[in-house]
Every structure is written in C-alpha cells, then in structure tokens.
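S.K.: Got a structure here, written out as structure tokens. Questions coming.
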Amino acid sequence: MIHLQGITKSFQTGSHTLQVLKGVDLEVAKGDLVAIMGSSGSGKSTLLNVLGLLDSYDQGSYHLGGQEMSKLTERRAAETRLDMLGFVFQSFNLIGFKTAAENVALPLYYQKVPRKERMLRAHALLERVGLLEWADHLPSQLSGGQKQRVAIARSLAGNPEVILADEPTGALDSATSHEVMSLLQELNADGMTLVVVTHEHDIAEGCKRIIRLRDGRVETEGHVG
Amino acid sequence: MWDKDAWLEVAHNLMSHPLRATLTGLSVALGMFILVVMQGLGFGLRNGVEQQFSDDAVNSIWVNTGRTQLPYKGHQSNRRVKLNNRDVPGLFAKADTVPAFSRRIRMWGVEMVHDAKNGKAEMGNFGLRGVDPDHLELERTTLLSGRFLHAGDVSEAKKVAVVGPNIVQELFKNEDAVGAFFRLNGVLFQVVGTFEDPGSRWENRVAYIPFTTAQSLFRSDDSMEQVILGTGALTTEETVVQSANMLSWLKDVKGVHPDDPRGVEVDNNNEEYAIYASIFEGIRWFIWGIGLMTLLAGAVGVANILAIGVKERTKEIGVRRALGASNGSIVGLVVMESAVLMTWSGCLGLVAAVAVLKGVAPMAEHEYFQNPQVDVRIALWALLILVLVGLASGLGPALRALSIRPVEALRDE
C-alpha cells in the first residue's frame, strides 16, 4: 500500500540546512497497523506529513496504492488526499461551528456527494463510533474522547485506503486513550490500513508493528510481541 | 460551490461576528447611499437649471440696452441707450442667417378692463409685451388655445392680444377668453389666443400684442427694449463670433465705450448654456468620483475584515485543505463572504437612498432644484460596481487563504 525508498527532506532555517529525513525506507502493506515512534526531532511528524502529501520530499520515491507520488501538483495532492487518505490529528481539528455530523460529512462535501446522502453516511459513521445521539452537537459540547471519535469517523468518511493518525491520543487521558486505540484496532480488524505516530509505548504496543525513527532514519523495525 | 452548504457557511461566518459584519456593512451601505443620493441631487440640480433654460430658446441671442457707465466720444456716463427700428436691419447684417427674430417692448402694471356679460367690469394690472410672431418659439411659450400673433397682425398693427393664464383667470374668470374683448388705456383689444410659459410665474401675467401696435400706442419714438435673434443650427463657436460682432457694431453705432459693460448688452444663450452644460458635466464626474471613493473605502473595510477572518480561521482552512478541499472551494468561501456582505449592505444603502430621494427631497423643491430622482441605469451600474468591488476585495484575502499550508496551519502550539 505504502512504499517509501530513500526519502530525504531538509528544511532551510536561515543560513543553514536542517536535514530531517536522511533516507527513510518504509513498507506498509494493506491491512497493516503500524506505529511510528521516535523522540521529538526524530522526524516522525515530517514523515507523516510526507506520507499524507501535506509536505513535499527532496529525494527518494513514494508509492501510494501503486502510484508514484513525486512532483504532484497542489491540485493532484488535494485530490489524492481526498480520495485515498484519512487524517486523525492530536488536537482533533474539528470545525467549531459545525455539528458532529456536519464535520463527518465534510470530506463527502468535497467529494461532491449530494447533501442528503452525505448526512445519511455521516450518521452511519457516527453510529459506527458510538456517537449517533451526539450527531447534532457542536464539538464544544463533546468530551475529548468523543471529539477524537468524531474525527475518526470523519477520517473514514471519504472511504480512504489509509488512515494517518498523528498522536491521536496525545490530548487524551489514559482511559480515553485506550478507548480510541481500541476503536482504531477495530477499524484495522475490518481491513483498514493505519499508520499511527505516537510517543506512547502502550499505544504503540497496540499496533501490529512498530517503526522507530532516530535522527531521520529508521532505527529498528519490528513486530509487536 | 453554489450549493446550500456554501451559503450556510457564509451566513454562519457573518453572523458569528455580528458587530464586525454590521459595522463593515454599514460603511459599504453608507458609500452606496452617498453615491446614489448625490446622483439624485445632481439630477435635481440639473433639472432645475434646465428648467431655467427652458424659459427661453437655447439657440438665441438677446440684445438689450441700458445706461452707460463710461463717458465716450463726448457723451457723459449714465446716458440711457435706446434700441431703434433702424438698428434691427443692422443687427441682421451681422448675422449669417436669422431663422427667427422678434423685437420687444415691455411694460408692467398696465390696467386692463373686461366688461363682463353681467355688466360688471373686471379689471386688473398686468404685464404687456409688444412682440413679433417668432417670439412664441424664442420665448418657448406654449399656446393653449386660439393662435399666436401673425405677421399680418404686426404689419397692420392690429388690436389683438394673446393672454396668459393669470389674465384668463382674473380678468375673464376662467371663461373662454378667445374672441373676448378687453380695454387697454381705453383701446379695445380682442383676445385671439391663450398661452402658458414654463419659465417664471411673472410671464404668466402677461398679454402679448403686435410689436407695431405697442410701439404706436405706447411710444413717442421708434424705440424698443430688446431684439431677440434665433441662431438656428449654428454651432456655439459661430454664435460667439456672431454675438461679438453684433456687440461691437452696436457699441460703435450707439457711441458706447468698447469697454463699457453696460449700455449695450448682447447675451448669447448658446454660450451660457454651453457653460452650464460643461459645469454639469464636471459636477457629474465629481459626484461619481466621490461616490466611488466612498464605496472603495467600504470595500477596503470589507477586505480588512476578510483578512482578519482568514487569519482567525487559519486552522480551519488548514483542516479543510488537509481533508482535500480544492483551491476553488477555499477561494469561493472567502470571495462569497465578501460578495454577500457587499451586495447585502449595498442594496440596503440603495433602498435607503431611494427612500430619501422619494420621501425627503420633494420637500426641498426650489427654482434651481427640481425632481431629484434615481436614474435606474445609475443604480444598476452602482450595483454592478459594488458586486465587482466585492469580488475584488475578497480576492486578496482569498489568495492569502490559499497560501496557508496545511502543515503549518495544523502544527500544534
């Protein structure tokens, strides 16, 4: 599903160049559930941005679903994100003035799905994450765990090939963290491919594989217990 | 982009900052209001002046005489200059063509008496003018009934008159005046027509009689007050030359100092009208300029709050872009907000301006200010400009929204 080879990425800060990714090789198969770990500054967020087509890379090759992703135009990148990728963020990033259902339906709006069908599918997805009765609530009326479940429902809405989660439990307490993690595991059990960036060991333990980044390179790669 | 959600979002964004949206909208509405009201007032002013000009034919030259101010060729100053019959052919000689002309004798407070059928004598003091037949068109008099004076009336010095509405009302008590008789200094005149004059109300208290009749009855010599000459289709420049020639010739004949501003006057209506026309052209551009500047100020306000809005919504726009929103939908989001705000408040200003022009302006009627009104075309133009400016003022902030990179927008603080 995801195939990275020799990906490098550097940032220009003032006069000197900061090499963040120094040749990352990565393979994520369909139906995988991968944790990417690493200390801050290891490049894991940058890697996720590259995977999510939110940022470009300098060298190497990136294939997503068999297609080469280099030199995408802004427009092609947006279309690919819309059709192939789902995002879950640490701080949820729900739109504050939209209800839970409207937030979930947003990717469908950009896919030009008719309004009625959008709302129907949004409600089905909210039911899937156990929040149907909260469909008409605004994000401010939801708890952190509920917000993240709405965000997960939203990431599923566009019917993506891969879900990329950036510290999905980073803003949650441990009990809620485990709820969210088990939801992600359920999705994986249903066949969804997931890549989870985290620095929490017990979250990473819940994944099938752990990839450790250190200083811009894959340090270790291993299956969980 | 044009579906319900997009509109709902625009409405939501505007309503989530009611004070900000209202104040900005107010500045746009005010701009529109000022533009349209000033257009309307300008229109009224022009109507008023054109009304003044409608008194007399625009293409005419009026020759008057008065008292001199400068001594010249042995004459004292303050000498009264008179126009005489022999001057008329002289003036004609200075004109290329004379499509219409009239000599004129004016008198005020002339007593007229009408012996009514019931034996009672109605009387009143009115104005009297001895003129030639062309006076009808040169003075832009509207004939209401009967006929105006004929060439025959003048050549035979007939005792006939064409009377104004006030005479019909006061002397003839609104009865059919044509054919009726009245006495003027003991001389019996027959009314052959009635008229109305759009110029001033004084001219509606006048009776017109043949010039020759007036001169023989009321003048001991062959003098007159005025000669009016039509200029037909001559250009303004040609009439200026013509009136200058007449002036210098007449001053020479009458022994008036070339620099004397009085004594002899030749007023060229063509020239005066051209001056007014150019003044009004200037006023029109001035009004457009001010109105558009005010609108522009409003548009800058709109662009400003949109820029703030984009800044505030950086994260949201980043999320939308991460989710796969197209550039078009992001631009649409911002531009539609601006277009909606501008159009809404602009229409409000337009409605208010129309209401003011319809409701308040008629109370301010004046000789030089009449029928202020909104030109529909101007209103449509203003609306079109408003929408375009709205789109343009949304464009800057929209492009800024486009430059938001999702990575940066989503970075957690």
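Ordered as shown in the structure tokens, chains take letters A, B, and onward, while each chain numbers its residues from 1 and ligands are numbered from 1 in the order shown.
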At a cut-off of 10 Å, can you tabulate as CSV every residue of chain B near chain A together with its closest atom pair and the distance in Å to one decimal, using only C-alpha atoms and ordering rows by chain then number?
M.R.:
residue,atom,partner,partner_atom,distance
B:Met1,CA,A:Tyr110,CA,9.6
B:Asp3,CA,A:Arg115,CA,9.1
B:Lys4,CA,A:Arg115,CA,8.7
B:Asp5,CA,A:Arg115,CA,8.3
B:Ala6,CA,A:Tyr109,CA,9.9
B:Glu9,CA,A:Phe97,CA,9.1
B:His12,CA,A:Phe97,CA,8.0
B:Asn13,CA,A:Phe97,CA,8.9
B:Ser16,CA,A:Phe97,CA,9.0
B:Arg313,CA,A:Ile95,CA,9.6
B:Lys315,CA,A:Asn93,CA,7.7
B:Glu316,CA,A:Ile95,CA,6.2
B:Ile317,CA,A:Ile95,CA,9.4
B:Gly318,CA,A:Asn93,CA,9.3
B:Val319,CA,A:Asn93,CA,6.6
B:Arg320,CA,A:Leu106,CA,8.2
B:Arg321,CA,A:Ala78,CA,7.0
B:Ala322,CA,A:Leu54,CA,6.9
B:Leu323,CA,A:Leu82,CA,5.8
B:Gly324,CA,A:Leu82,CA,4.4
B:Ala325,CA,A:Tyr110,CA,5.8
B:Ser326,CA,A:Ala78,CA,6.5
B:Asn327,CA,A:Arg75,CA,7.4
B:Gly328,CA,A:Arg75,CA,9.9
B:Ser329,CA,A:Tyr110,CA,8.3
B:Arg405,CA,A:Leu54,CA,7.9
B:Pro406,CA,A:Leu54,CA,6.5
B:Val407,CA,A:Leu54,CA,6.0
B:Glu408,CA,A:Leu54,CA,9.6
B:Leu410,CA,A:Asn93,CA,7.9
B:Arg411,CA,A:Ser91,CA,9.5
B:Asp412,CA,A:Ser91,CA,7.4
S.K.: Pull C-alpha atoms from the residues just selected and write them as a CSV table (one decimal), in the first residue's frame.
M.R.:
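After the write, part36.csv holds the following:
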chain,number,residue,atom,x,y,z
B,1,MET,CA,-19.5,26.0,-4.7
B,3,ASP,CA,-24.8,24.8,-3.0
B,4,LYS,CA,-26.7,25.3,0.2
B,5,ASP,CA,-23.8,24.4,2.4
B,6,ALA,CA,-21.6,27.2,1.0
B,9,GLU,CA,-21.3,28.8,5.8
B,12,HIS,CA,-22.7,31.5,9.7
B,13,ASN,CA,-19.4,33.3,9.4
B,16,SER,CA,-20.7,34.8,14.2
B,313,ARG,CA,-9.6,30.7,10.5
B,315,LYS,CA,-6.5,26.4,11.3
B,316,GLU,CA,-9.9,25.6,9.9
B,317,ILE,CA,-8.7,26.4,6.4
B,318,GLY,CA,-5.7,24.2,7.0
B,319,VAL,CA,-8.0,21.3,8.1
B,320,ARG,CA,-10.2,21.8,5.0
B,321,ARG,CA,-7.1,21.7,2.8
B,322,ALA,CA,-5.7,18.6,4.6
B,323,LEU,CA,-9.0,16.9,4.0
B,324,GLY,CA,-8.7,17.6,0.3
B,325,ALA,CA,-10.6,20.9,-0.3
B,326,SER,CA,-9.9,22.2,-3.8
B,327,ASN,CA,-8.4,25.7,-4.2
B,328,GLY,CA,-11.6,26.8,-5.8
B,329,SER,CA,-13.7,25.9,-2.8
B,405,ARG,CA,-0.1,25.4,4.0
B,406,PRO,CA,-1.9,22.7,5.9
B,407,VAL,CA,1.3,21.6,7.6
B,408,GLU,CA,1.8,25.0,9.2
B,410,LEU,CA,-2.2,22.2,11.8
B,411,ARG,CA,1.0,22.5,13.8
B,412,ASP,CA,0.1,22.3,17.4
S.K.: If you run DSSP on the backbone here, which positions in segment 129-249 of chain B get helix (DSSP H, G or I)? Please write them as a PyMOL selection string.
M.R.: chain B and resi 135-138+151-155+165-170+201-205+211-218+236-249
S.K.: Could you list, as a ChimeraX atom specification, every residue within 9 Å of Met112 of chain B, counting only C-alpha atoms and ignoring same-chain residues fewer than 5 positions away?
M.R.: /B:122-126,171,182-186
S.K.: What does the distance between atom CA of Phe43 of chain B and atom CA of Ser278 of chain B come to in Å, to one decimal place?
M.R.: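 Pair atom CA of Phe43 of chain B / atom CA of Ser278 of chain B returns 14.5 Å.
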S.K.: Considering only C-alpha atoms, can you say which of A:Asp173, A:Glu133, A:Asp215, A:Glu221 comes closest to Lys22 of chain A?
M.R.: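 When distances to Lys22 of chain A are compared using only C-alpha atoms, the smallest one comes from A:Asp215.
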S.K.: What is the distance between atom CA of Val20 of chain A and atom CA of Ser70 of chain A, in Å to one decimal?
M.R.: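 Taking atom CA of Val20 of chain A and atom CA of Ser70 of chain A, their separation equals 18.1 Å.
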S.K.: Between B:Asn371, B:Asn59, B:Ser216, B:Ser102, which is the closest to Tyr273 of chain B once you count only C-alpha atoms?
M.R.: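 Closest candidate: B:Asn59.
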S.K.: Applying 7 Å and only C-alpha atoms, which residues near Ile7 of chain A remain after dropping the ones on its own chain fewer than 5 positions away? List them as a PDB file with N, CA and C atoms, in the first residue's frame.
M.R.:
ATOM      1  N   LEU A  21      14.859  14.215   7.348  1.00  0.00           N
ATOM      2  CA  LEU A  21      14.787  12.805   6.937  1.00  0.00           C
ATOM      3  C   LEU A  21      16.022  12.506   6.091  1.00  0.00           C
ATOM      4  N   LYS A  22      16.712  11.432   6.492  1.00  0.00           N
ATOM      5  CA  LYS A  22      18.004  11.173   5.827  1.00  0.00           C
ATOM      6  C   LYS A  22      17.988   9.868   5.050  1.00  0.00           C
ATOM      7  N   GLY A  23      16.882   9.586   4.427  1.00  0.00           N
ATOM      8  CA  GLY A  23      16.801   8.350   3.652  1.00  0.00           C
ATOM      9  C   GLY A  23      15.952   7.319   4.368  1.00  0.00           C
ATOM     10  N   VAL A  24      14.660   7.518   4.326  1.00  0.00           N
ATOM     11  CA  VAL A  24      13.752   6.607   5.042  1.00  0.00           C
ATOM     12  C   VAL A  24      13.206   5.564   4.073  1.00  0.00           C
ATOM     13  N   ASP A  25      13.368   4.283   4.449  1.00  0.00           N
ATOM     14  CA  ASP A  25      12.742   3.198   3.695  1.00  0.00           C
ATOM     15  C   ASP A  25      11.605   2.668   4.544  1.00  0.00           C
ATOM     16  N   TYR A  57       8.884  16.033  -0.501  1.00  0.00           N
ATOM     17  CA  TYR A  57      10.171  15.467  -0.067  1.00  0.00           C
ATOM     18  C   TYR A  57      11.207  15.798  -1.124  1.00  0.00           C
ATOM     19  N   GLN A  59      14.271  13.817  -2.052  1.00  0.00           N
ATOM     20  CA  GLN A  59      14.725  12.712  -2.898  1.00  0.00           C
ATOM     21  C   GLN A  59      14.073  11.421  -2.450  1.00  0.00           C
ATOM     22  N   GLY A  60      14.205  10.403  -3.268  1.00  0.00           N
ATOM     23  CA  GLY A  60      13.628   9.100  -2.949  1.00  0.00           C
ATOM     24  C   GLY A  60      12.335   8.914  -3.715  1.00  0.00           C
ATOM     25  N   SER A  61      11.680   7.791  -3.446  1.00  0.00           N
ATOM     26  CA  SER A  61      10.424   7.554  -4.138  1.00  0.00           C
ATOM     27  C   SER A  61       9.342   7.168  -3.144  1.00  0.00           C
TER      28      SER A  61
END
S.K.: From the list B:Pro99, B:Arg79, B:Glu137, B:Met38, which residue is nearest Ile287 of chain B when using only C-alpha atoms?
M.R.: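 The shortest atom-to-atom distance to Ile287 of chain B comes from B:Met38.
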S.K.: To one decimal in Å, tell me the separation between atom CA of Val240 of chain B and atom CA of Val63 of chain B.
M.R.: 13.4 Å
S.K.: Among segment 17-178 of chain A, which ones does DSSP assign to strand (DSSP E or B) (computed from the backbone)? Answer as a PyMOL selection string.
M.R.: chain A and resi 17-28+33-37+59-64+67-68+85-88+162-166
S.K.: Please produce a file of those selected residues containing N, CA and C atoms, as a short mmCIF file (atom, residue, chain, number, x, y, z; two decimals), in the first residue's frame.
M.R.:
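part.cif, written as the output of this step:
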data_model
loop_
_atom_site.label_atom_id
_atom_site.label_comp_id
_atom_site.auth_asym_id
_atom_site.auth_seq_id
_atom_site.Cartn_x
_atom_site.Cartn_y
_atom_site.Cartn_z
N THR A 17 21.07 24.47 6.66
CA THR A 17 20.08 23.50 6.25
C THR A 17 19.94 22.42 7.32
N LEU A 18 18.69 22.10 7.62
CA LEU A 18 18.44 21.07 8.63
C LEU A 18 17.93 19.82 7.93
N GLN A 19 18.73 18.77 7.96
CA GLN A 19 18.35 17.52 7.31
C GLN A 19 17.47 16.73 8.29
N VAL A 20 16.18 16.63 7.99
CA VAL A 20 15.27 15.98 8.94
C VAL A 20 15.09 14.50 8.61
N LEU A 21 14.86 14.21 7.35
CA LEU A 21 14.79 12.81 6.94
C LEU A 21 16.02 12.51 6.09
N LYS A 22 16.71 11.43 6.49
CA LYS A 22 18.00 11.17 5.83
C LYS A 22 17.99 9.87 5.05
N GLY A 23 16.88 9.59 4.43
CA GLY A 23 16.80 8.35 3.65
C GLY A 23 15.95 7.32 4.37
N VAL A 24 14.66 7.52 4.33
CA VAL A 24 13.75 6.61 5.04
C VAL A 24 13.21 5.56 4.07
N ASP A 25 13.37 4.28 4.45
CA ASP A 25 12.74 3.20 3.70
C ASP A 25 11.61 2.67 4.54
N LEU A 26 10.45 2.47 3.91
CA LEU A 26 9.29 2.05 4.71
C LEU A 26 8.33 1.30 3.81
N GLU A 27 7.76 0.25 4.38
CA GLU A 27 6.82 -0.57 3.63
C GLU A 27 5.61 -0.77 4.52
N VAL A 28 4.43 -0.37 4.04
CA VAL A 28 3.21 -0.63 4.81
C VAL A 28 2.27 -1.41 3.91
N LEU A 33 -1.26 -2.27 10.59
CA LEU A 33 -1.47 -1.26 11.64
C LEU A 33 -0.10 -0.95 12.22
N VAL A 34 0.48 0.19 11.76
CA VAL A 34 1.88 0.48 12.05
C VAL A 34 1.99 1.66 13.00
N ALA A 35 2.83 1.52 14.01
CA ALA A 35 3.14 2.65 14.88
C ALA A 35 4.48 3.21 14.46
N ILE A 36 4.57 4.54 14.38
CA ILE A 36 5.87 5.18 14.16
C ILE A 36 6.24 5.89 15.44
N MET A 37 7.35 5.49 16.01
CA MET A 37 7.78 6.09 17.27
C MET A 37 9.10 6.82 17.09
N GLN A 59 14.27 13.82 -2.05
CA GLN A 59 14.73 12.71 -2.90
C GLN A 59 14.07 11.42 -2.45
N GLY A 60 14.20 10.40 -3.27
CA GLY A 60 13.63 9.10 -2.95
C GLY A 60 12.33 8.91 -3.71
N SER A 61 11.68 7.79 -3.45
CA SER A 61 10.42 7.55 -4.14
C SER A 61 9.34 7.17 -3.14
N TYR A 62 8.13 7.58 -3.44
CA TYR A 62 6.98 7.31 -2.59
C TYR A 62 5.87 6.79 -3.49
N HIS A 63 5.48 5.54 -3.26
CA HIS A 63 4.35 4.98 -3.98
C HIS A 63 3.19 4.78 -3.03
N LEU A 64 2.04 5.28 -3.41
CA LEU A 64 0.84 5.10 -2.60
C LEU A 64 -0.19 4.39 -3.48
N GLN A 67 0.86 4.09 -7.03
CA GLN A 67 1.13 5.28 -7.85
C GLN A 67 2.28 6.09 -7.28
N GLU A 68 3.12 6.58 -8.20
CA GLU A 68 4.24 7.43 -7.80
C GLU A 68 3.70 8.79 -7.34
N LEU A 85 -6.73 9.14 1.45
CA LEU A 85 -6.20 9.27 2.80
C LEU A 85 -7.23 9.80 3.79
N GLY A 86 -7.14 9.30 5.02
CA GLY A 86 -7.93 9.87 6.10
C GLY A 86 -6.97 10.37 7.17
N PHE A 87 -7.32 11.50 7.81
CA PHE A 87 -6.41 12.08 8.81
C PHE A 87 -7.07 12.12 10.18
N VAL A 88 -6.27 11.76 11.20
CA VAL A 88 -6.67 11.96 12.59
C VAL A 88 -5.56 12.76 13.25
N VAL A 162 -5.92 4.51 3.38
CA VAL A 162 -5.04 4.54 4.55
C VAL A 162 -5.51 5.65 5.49
N ILE A 163 -5.45 5.34 6.80
CA ILE A 163 -5.69 6.42 7.77
C ILE A 163 -4.38 6.75 8.45
N LEU A 164 -4.05 8.07 8.44
CA LEU A 164 -2.83 8.53 9.08
C LEU A 164 -3.22 9.25 10.36
N ALA A 165 -2.71 8.76 11.49
CA ALA A 165 -3.07 9.36 12.76
C ALA A 165 -1.83 9.94 13.41
N ASP A 166 -1.90 11.25 13.71
CA ASP A 166 -0.75 11.95 14.30
C ASP A 166 -1.02 12.14 15.79
#
S.K.: Within 12 Å of Glu127 of chain A, counting only C-alpha atoms, which residues show up once you throw out same-chain ones fewer than 6 positions away? Write them as a CSV table (one decimal) with N, CA and C atoms, in the first residue's frame, please.
M.R.:
chain,number,residue,atom,x,y,z
A,100,ALA,N,-21.3,17.6,14.9
A,100,ALA,CA,-20.5,16.4,14.7
A,100,ALA,C,-20.8,15.8,13.3
A,101,ALA,N,-22.1,15.7,13.0
A,101,ALA,CA,-22.5,15.1,11.7
A,101,ALA,C,-21.9,15.9,10.5
A,104,VAL,N,-18.3,15.3,10.1
A,104,VAL,CA,-18.0,14.0,9.5
A,104,VAL,C,-18.3,14.0,8.0
A,120,LEU,N,-26.7,11.1,5.6
A,120,LEU,CA,-27.0,9.7,5.8
A,120,LEU,C,-25.8,8.9,6.2
A,121,ARG,N,-24.7,9.1,5.4
A,121,ARG,CA,-23.5,8.4,5.6
A,121,ARG,C,-22.8,8.9,6.9
A,133,GLU,N,-26.2,9.5,18.9
A,133,GLU,CA,-27.0,10.5,19.6
A,133,GLU,C,-26.4,11.9,19.8
A,134,TRP,N,-25.1,12.0,19.5
A,134,TRP,CA,-24.4,13.3,19.6
A,134,TRP,C,-24.3,13.9,18.2
A,135,ALA,N,-24.9,13.4,17.2
A,135,ALA,CA,-24.8,13.9,15.8
A,135,ALA,C,-25.0,15.4,15.7
A,149,ARG,N,-13.3,10.6,18.5
A,149,ARG,CA,-14.1,9.6,17.8
A,149,ARG,C,-14.8,10.2,16.6
A,150,VAL,N,-15.3,11.5,16.8
A,150,VAL,CA,-15.9,12.2,15.6
A,150,VAL,C,-14.8,12.3,14.5
A,152,ILE,N,-12.3,10.5,14.0
A,152,ILE,CA,-12.0,9.2,13.3
A,152,ILE,C,-13.1,8.9,12.3
A,153,ALA,N,-14.4,9.2,12.8
A,153,ALA,CA,-15.5,9.0,11.8
A,153,ALA,C,-15.3,9.8,10.6
S.K.: Do a neighbour search on Ala189 of chain A at 10 Å with only C-alpha atoms, toss out local chain neighbours closer than 4 positions, and write the hits as a ChimeraX atom specification.
M.R.: /A:31-33,183-185,193
S.K.: Can you tell me, as JSON, numbers by chain, what residues are no more than 10 Å from Trp108 of chain B when counting only C-alpha atoms, ignoring any on the same chain fewer than 4 positions away?
M.R.: {"B": [125, 126, 127, 128, 129, 205, 206]}
S.K.: Limited to C-alpha atoms, could you put the picked residues into a file as a PDB file, in the first residue's frame?
M.R.:
ATOM      1  CA  ASN B 125     -52.938  95.275 -13.626  1.00  0.00           C
ATOM      2  CA  PHE B 126     -50.871  93.037 -15.857  1.00  0.00           C
ATOM      3  CA  GLY B 127     -47.749  92.983 -17.952  1.00  0.00           C
ATOM      4  CA  LEU B 128     -47.761  93.898 -21.624  1.00  0.00           C
ATOM      5  CA  ARG B 129     -45.332  92.875 -24.338  1.00  0.00           C
ATOM      6  CA  ARG B 205     -49.332  87.553 -16.081  1.00  0.00           C
ATOM      7  CA  VAL B 206     -48.544  88.964 -19.493  1.00  0.00           C
TER       8      VAL B 206
END
